[in-house]
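For reference, coords.cif is printed below; it contains mmCIF, C-alpha atoms.
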data_my_file
#
loop_
_atom_site.label_atom_id
_atom_site.label_comp_id
_atom_site.auth_asym_id
_atom_site.auth_seq_id
_atom_site.Cartn_x
_atom_site.Cartn_y
_atom_site.Cartn_z
CA MET K 1 0.00 0.00 0.00
CA ILE K 2 2.85 2.36 0.74
CA LYS K 3 4.11 2.00 -2.83
CA THR K 4 0.70 2.64 -4.35
CA GLN K 5 -0.55 5.36 -1.99
CA GLN K 6 2.79 7.21 -1.63
CA PRO K 7 2.13 8.61 1.90
CA LEU K 8 3.85 11.88 2.67
CA PHE K 9 5.76 10.82 5.79
CA ASN K 10 6.76 7.25 4.91
CA LYS K 11 9.53 7.79 2.36
CA ARG K 12 11.68 4.69 2.98
CA LEU K 13 9.29 2.16 1.49
CA ARG K 14 8.08 4.24 -1.42
CA LYS K 15 8.61 2.82 -4.86
CA ASN K 16 11.97 3.99 -6.10
CA ARG K 17 11.65 5.28 -9.63
CA GLN K 18 15.43 5.60 -10.10
CA LEU K 19 16.48 2.17 -8.84
CA CYS K 20 19.79 1.34 -10.47
CA SER K 21 22.62 -1.15 -10.38
CA LEU K 22 26.13 -1.59 -11.71
CA GLN K 23 26.41 -3.90 -14.70
CA SER K 24 29.85 -5.14 -15.64
CA THR K 25 30.52 -5.44 -19.35
CA ASP K 26 34.08 -5.77 -20.69
CA GLY K 27 35.48 -5.01 -17.23
CA LYS K 28 33.88 -1.58 -17.01
CA PRO K 29 30.93 -1.24 -14.64
CA GLN K 30 28.12 0.90 -16.03
CA VAL K 31 25.09 2.26 -14.19
CA VAL K 32 21.86 0.69 -15.50
CA TYR K 33 18.29 1.44 -14.44
CA ALA K 34 15.43 -0.87 -13.46
CA LYS K 35 13.13 1.02 -15.82
CA ASP K 36 15.32 -0.14 -18.74
CA LEU K 37 16.16 -3.71 -17.62
CA ASP K 38 14.34 -6.46 -15.79
CA PHE K 39 16.63 -6.82 -12.77
CA SER K 40 15.07 -10.18 -11.87
CA GLN K 41 16.45 -11.73 -15.08
CA SER K 42 19.48 -9.61 -16.04
CA THR K 43 22.92 -11.05 -15.45
CA ASN K 44 26.07 -9.35 -14.17
CA LEU K 45 24.21 -6.88 -11.96
CA PHE K 46 25.95 -5.76 -8.79
CA GLY K 47 24.24 -3.89 -5.99
CA LEU K 48 20.92 -2.09 -5.82
CA TYR K 49 21.13 1.67 -5.42
CA ARG K 50 18.58 4.44 -5.06
CA SER K 51 20.42 6.79 -7.41
CA ARG K 52 23.25 6.99 -9.95
CA PHE K 53 25.25 8.99 -7.43
CA ALA K 54 24.94 6.23 -4.79
CA ALA K 55 26.05 3.58 -7.31
CA LEU K 56 29.09 5.59 -8.35
CA GLU K 57 29.97 6.32 -4.71
CA ARG K 58 29.91 2.59 -3.97
CA LEU K 59 32.16 1.96 -6.98
CA LYS K 60 34.55 4.60 -5.63
CA GLN K 61 34.60 2.90 -2.21
CA LEU K 62 35.35 -0.45 -3.85
CA ALA K 63 38.17 1.18 -5.86
CA ASP K 64 39.71 2.48 -2.62
CA GLU K 65 39.30 -0.83 -0.81
CA TYR K 66 40.66 -3.05 -3.62
CA GLN K 67 43.20 -0.61 -5.16
CA LEU K 68 41.30 -0.44 -8.44
CA CYS K 69 42.19 2.00 -11.19
CA HIS K 70 39.69 4.77 -11.90
CA SER K 71 40.90 4.93 -15.52
CA LEU K 72 40.20 1.26 -16.16
CA LEU K 73 36.84 1.63 -14.42
CA GLY K 74 35.94 4.42 -16.86
CA ARG K 75 35.81 7.08 -14.14
CA GLU K 76 38.83 9.08 -15.36
CA ALA K 77 40.60 9.61 -18.69
CA LEU K 78 43.56 7.29 -19.29
CA SER K 79 46.85 9.01 -20.06
CA ALA K 80 49.13 7.27 -22.57
CA GLN K 81 52.35 8.65 -21.01
CA ARG K 82 51.66 7.94 -17.34
CA GLY K 83 49.21 6.08 -15.18
CA CYS K 84 46.17 7.52 -13.48
CA PHE K 85 46.38 10.14 -10.74
CA ARG K 86 45.66 7.50 -8.09
CA SER K 87 48.68 5.42 -9.15
CA ALA K 88 50.95 8.39 -8.33
CA LEU K 89 49.39 8.40 -4.85
CA CYS K 90 49.86 4.59 -4.53
CA ARG K 91 46.09 4.09 -4.30
CA CYS K 92 45.95 2.18 -7.57
CA ALA K 93 47.88 -1.07 -8.05
CA GLY K 94 49.14 0.22 -11.40
CA ALA K 95 47.29 -1.71 -14.10
CA CYS K 96 47.01 1.59 -15.99
CA CYS K 97 50.79 2.08 -16.19
CA GLY K 98 52.00 -1.53 -16.49
CA LYS K 99 52.90 -2.21 -12.84
CA GLU K 100 50.43 -5.12 -12.81
CA PRO K 101 48.61 -7.08 -15.52
CA VAL K 102 45.17 -5.81 -16.45
CA SER K 103 43.84 -9.33 -15.82
CA ASP K 104 44.81 -9.01 -12.12
CA HIS K 105 42.89 -5.74 -11.95
CA GLN K 106 39.84 -7.38 -13.54
CA ASP K 107 40.04 -10.30 -11.08
CA ARG K 108 40.07 -7.87 -8.12
CA LEU K 109 37.16 -5.94 -9.64
CA LEU K 110 35.08 -9.12 -9.99
CA GLU K 111 36.00 -10.14 -6.43
CA ALA K 112 34.89 -6.73 -5.14
CA LEU K 113 31.62 -6.80 -7.08
CA GLU K 114 30.81 -10.41 -6.19
CA ASN K 115 29.93 -9.35 -2.63
CA VAL K 116 27.01 -7.27 -3.93
CA ARG K 117 25.80 -9.49 -6.81
CA VAL K 118 22.09 -9.33 -7.64
CA PHE K 119 20.77 -12.85 -8.12
CA CYS K 120 18.54 -13.64 -11.08
CA TRP K 121 15.24 -15.38 -10.45
CA PRO K 122 16.28 -19.07 -10.69
CA TRP K 123 12.88 -20.54 -11.69
CA GLN K 124 10.70 -20.34 -14.79
CA GLY K 125 7.72 -18.82 -13.01
CA ALA K 126 6.05 -18.57 -9.63
CA VAL K 127 7.12 -20.78 -6.72
CA ARG K 128 5.64 -21.65 -3.38
CA LEU K 129 7.52 -21.54 -0.11
CA VAL K 130 5.81 -23.85 2.36
CA GLU K 131 5.94 -22.87 6.01
CA GLU K 132 4.57 -25.46 8.42
CA GLY K 133 3.76 -25.12 12.10
CA LYS K 134 1.99 -27.28 14.66
CA HIS K 135 -1.48 -25.92 13.99
CA MET K 136 -1.20 -24.25 10.60
CA THR K 137 0.45 -24.52 7.17
CA ARG K 138 0.97 -21.45 5.01
CA ILE K 139 1.95 -21.36 1.36
CA HIS K 140 3.79 -18.17 0.38
CA VAL K 141 3.67 -17.50 -3.37
CA ILE K 142 6.57 -15.62 -4.96
CA ASP K 143 7.23 -14.77 -8.60
CA HIS K 144 10.36 -12.98 -9.86
CA TRP K 145 11.09 -11.61 -6.34
CA PHE K 146 7.49 -10.36 -6.00
CA TYR K 147 5.64 -11.59 -2.94
CA LEU K 148 2.14 -12.37 -4.22
CA GLY K 149 0.56 -13.47 -0.98
CA SER K 150 0.11 -16.16 1.63
CA VAL K 151 -2.65 -18.77 1.43
CA SER K 152 -3.55 -22.05 3.09
CA SER K 153 -4.30 -24.27 0.07
CA MET K 154 -2.85 -25.04 -3.35
CA GLU K 155 -6.11 -24.04 -5.06
CA GLU K 156 -5.81 -20.55 -3.59
CA ALA K 157 -2.11 -20.40 -4.46
CA LYS K 158 -2.77 -21.11 -8.12
CA LYS K 159 -5.21 -18.18 -8.26
CA LEU K 160 -2.53 -15.66 -7.26
CA GLN K 161 -1.00 -13.98 -10.27
CA CYS K 162 1.84 -11.56 -10.66
CA THR K 163 1.05 -8.11 -12.00
CA LYS K 164 4.56 -6.82 -12.49
CA GLY K 165 5.25 -3.15 -12.14
CA GLY K 166 9.04 -3.26 -12.28
CA PHE K 167 11.68 -4.79 -10.04
CA ASP K 168 10.71 -4.73 -6.36
CA HIS K 169 13.81 -3.71 -4.39
CA ASP K 170 12.22 -4.31 -0.99
CA GLY K 171 10.83 -7.69 -1.99
CA TYR K 172 14.23 -8.76 -3.30
CA LYS K 173 16.01 -7.72 -0.10
CA ILE K 174 13.50 -9.53 2.12
CA LEU K 175 13.08 -12.69 0.03
CA CYS K 176 16.54 -13.36 -1.41
CA ARG K 177 18.17 -14.91 1.66
CA PRO K 178 15.34 -17.25 2.74
CA ILE K 179 14.65 -18.42 -0.80
CA LEU K 180 18.26 -19.09 -1.80
CA SER K 181 19.36 -20.47 1.61
CA GLY K 182 17.79 -23.88 1.11
CA ASP K 183 16.26 -23.80 4.61
CA TYR K 184 12.71 -23.89 3.28
CA PRO K 185 11.12 -26.18 0.71
CA ILE K 186 10.68 -24.25 -2.54
CA LEU K 187 8.41 -25.90 -5.09
CA PRO K 188 7.23 -24.73 -8.52
CA LEU K 189 3.61 -23.60 -8.49
#
Can the structure in the file be given as structure tokens, please?
Amino acid sequence: MIKTQQPLFNKRLRKNRQLCSLQSTDGKPQVVYAKDLDFSQSTNLFGLYRSRFAALERLKQLADEYQLCHSLLGREALSAQRGCFRSALCRCAGACCGKEPVSDHQDRLLEALENVRVFCWPWQGAVRLVEEGKHMTRIHVIDHWFYLGSVSSMEEAKKLQCTKGGFDHDGYKILCRPILSGDYPILPL
């Protein structure tokens, strides 16, 4: 309801119209938007961010932490005569000026990004997560990281249908760990 009604004072759970991620192609992470890609099925996405600025700030933090080159990341122009400015400050391992192989830089970049990988939806369609207790059994129906509802019978579960309105950041954050952990039985619907 918060996402549809857009209440004035509850900003955290509002639908984010600028949801973006970093997508690595040819070793250069680019900012991509959920309005342009289906994040539930796109590969090589890393992190979910509320704005382009937040995504680029995270990339900058990773560059500092893993000694990545801003030139090779596409954040600064590469000079043919010398390395990037950060290599002069010993904050870059030197892939831009030949101090290390570019392949080592790319390996560190992938290692850094792997910690924030966005997982694709691993099933063809909707699934059911069965939660059983002493007195009650609930079937939670989920489709492409969208929580469709909780019912008590398979007949009711089959009636639930996904009406997609874009990638649901909150649903992904809440559902990813329990679904991929293997702690609960996940069955196709």
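Atom to atom, CA of Trp121 in chain K and CA of Phe39 in chain K stand 9.0 Å apart.
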request  = Identify all residues satisfying the PyMOL selection byres ((chain K and resi 70) around 12) in the given file; provide them as a PyMOL selection string.
outcome  = chain K and resi 27-29+56+59-64+66-69+71-79+83-87+91-96+105+109
Just C-alpha atoms for this one: save the residues we selected as a PDB file, in the coordinates of the input.
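Done, and the output landed in out_37.pdb:
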ATOM      1  CA  GLY K  27      35.480  -5.010 -17.230  1.00  0.00           C
ATOM      2  CA  LYS K  28      33.880  -1.580 -17.010  1.00  0.00           C
ATOM      3  CA  PRO K  29      30.930  -1.240 -14.640  1.00  0.00           C
ATOM      4  CA  LEU K  56      29.090   5.590  -8.350  1.00  0.00           C
ATOM      5  CA  LEU K  59      32.160   1.960  -6.980  1.00  0.00           C
ATOM      6  CA  LYS K  60      34.550   4.600  -5.630  1.00  0.00           C
ATOM      7  CA  GLN K  61      34.600   2.900  -2.210  1.00  0.00           C
ATOM      8  CA  LEU K  62      35.350  -0.450  -3.850  1.00  0.00           C
ATOM      9  CA  ALA K  63      38.170   1.180  -5.860  1.00  0.00           C
ATOM     10  CA  ASP K  64      39.710   2.480  -2.620  1.00  0.00           C
ATOM     11  CA  TYR K  66      40.660  -3.050  -3.620  1.00  0.00           C
ATOM     12  CA  GLN K  67      43.200  -0.610  -5.160  1.00  0.00           C
ATOM     13  CA  LEU K  68      41.300  -0.440  -8.440  1.00  0.00           C
ATOM     14  CA  CYS K  69      42.190   2.000 -11.190  1.00  0.00           C
ATOM     15  CA  SER K  71      40.900   4.930 -15.520  1.00  0.00           C
ATOM     16  CA  LEU K  72      40.200   1.260 -16.160  1.00  0.00           C
ATOM     17  CA  LEU K  73      36.840   1.630 -14.420  1.00  0.00           C
ATOM     18  CA  GLY K  74      35.940   4.420 -16.860  1.00  0.00           C
ATOM     19  CA  ARG K  75      35.810   7.080 -14.140  1.00  0.00           C
ATOM     20  CA  GLU K  76      38.830   9.080 -15.360  1.00  0.00           C
ATOM     21  CA  ALA K  77      40.600   9.610 -18.690  1.00  0.00           C
ATOM     22  CA  LEU K  78      43.560   7.290 -19.290  1.00  0.00           C
ATOM     23  CA  SER K  79      46.850   9.010 -20.060  1.00  0.00           C
ATOM     24  CA  GLY K  83      49.210   6.080 -15.180  1.00  0.00           C
ATOM     25  CA  CYS K  84      46.170   7.520 -13.480  1.00  0.00           C
ATOM     26  CA  PHE K  85      46.380  10.140 -10.740  1.00  0.00           C
ATOM     27  CA  ARG K  86      45.660   7.500  -8.090  1.00  0.00           C
ATOM     28  CA  SER K  87      48.680   5.420  -9.150  1.00  0.00           C
ATOM     29  CA  ARG K  91      46.090   4.090  -4.300  1.00  0.00           C
ATOM     30  CA  CYS K  92      45.950   2.180  -7.570  1.00  0.00           C
ATOM     31  CA  ALA K  93      47.880  -1.070  -8.050  1.00  0.00           C
ATOM     32  CA  GLY K  94      49.140   0.220 -11.400  1.00  0.00           C
ATOM     33  CA  ALA K  95      47.290  -1.710 -14.100  1.00  0.00           C
ATOM     34  CA  CYS K  96      47.010   1.590 -15.990  1.00  0.00           C
ATOM     35  CA  HIS K 105      42.890  -5.740 -11.950  1.00  0.00           C
ATOM     36  CA  LEU K 109      37.160  -5.940  -9.640  1.00  0.00           C
TER      37      LEU K 109
END
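Counting from CA of Ser153 in chain K, the distance to CA of Leu129 in chain K is 12.1 Å.
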query = With only C-alpha atoms as the atoms that count, which of K:Ile142, K:Ala112, K:Ile186, K:Leu148 lies nearest to Val130 in chain K?
reply = K:Ile186
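The space separating CA of Gly171 in chain K from CA of Phe119 in chain K comes to 12.8 Å.
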inquiry  = Which residues are near Gly149 in chain K? Cut-off 12 Å, only C-alpha atoms, ignore same chain within fewer than 5 positions. Put them as number ranges by chain.
reply    = K: 126-129, 138-143, 156-162, 171
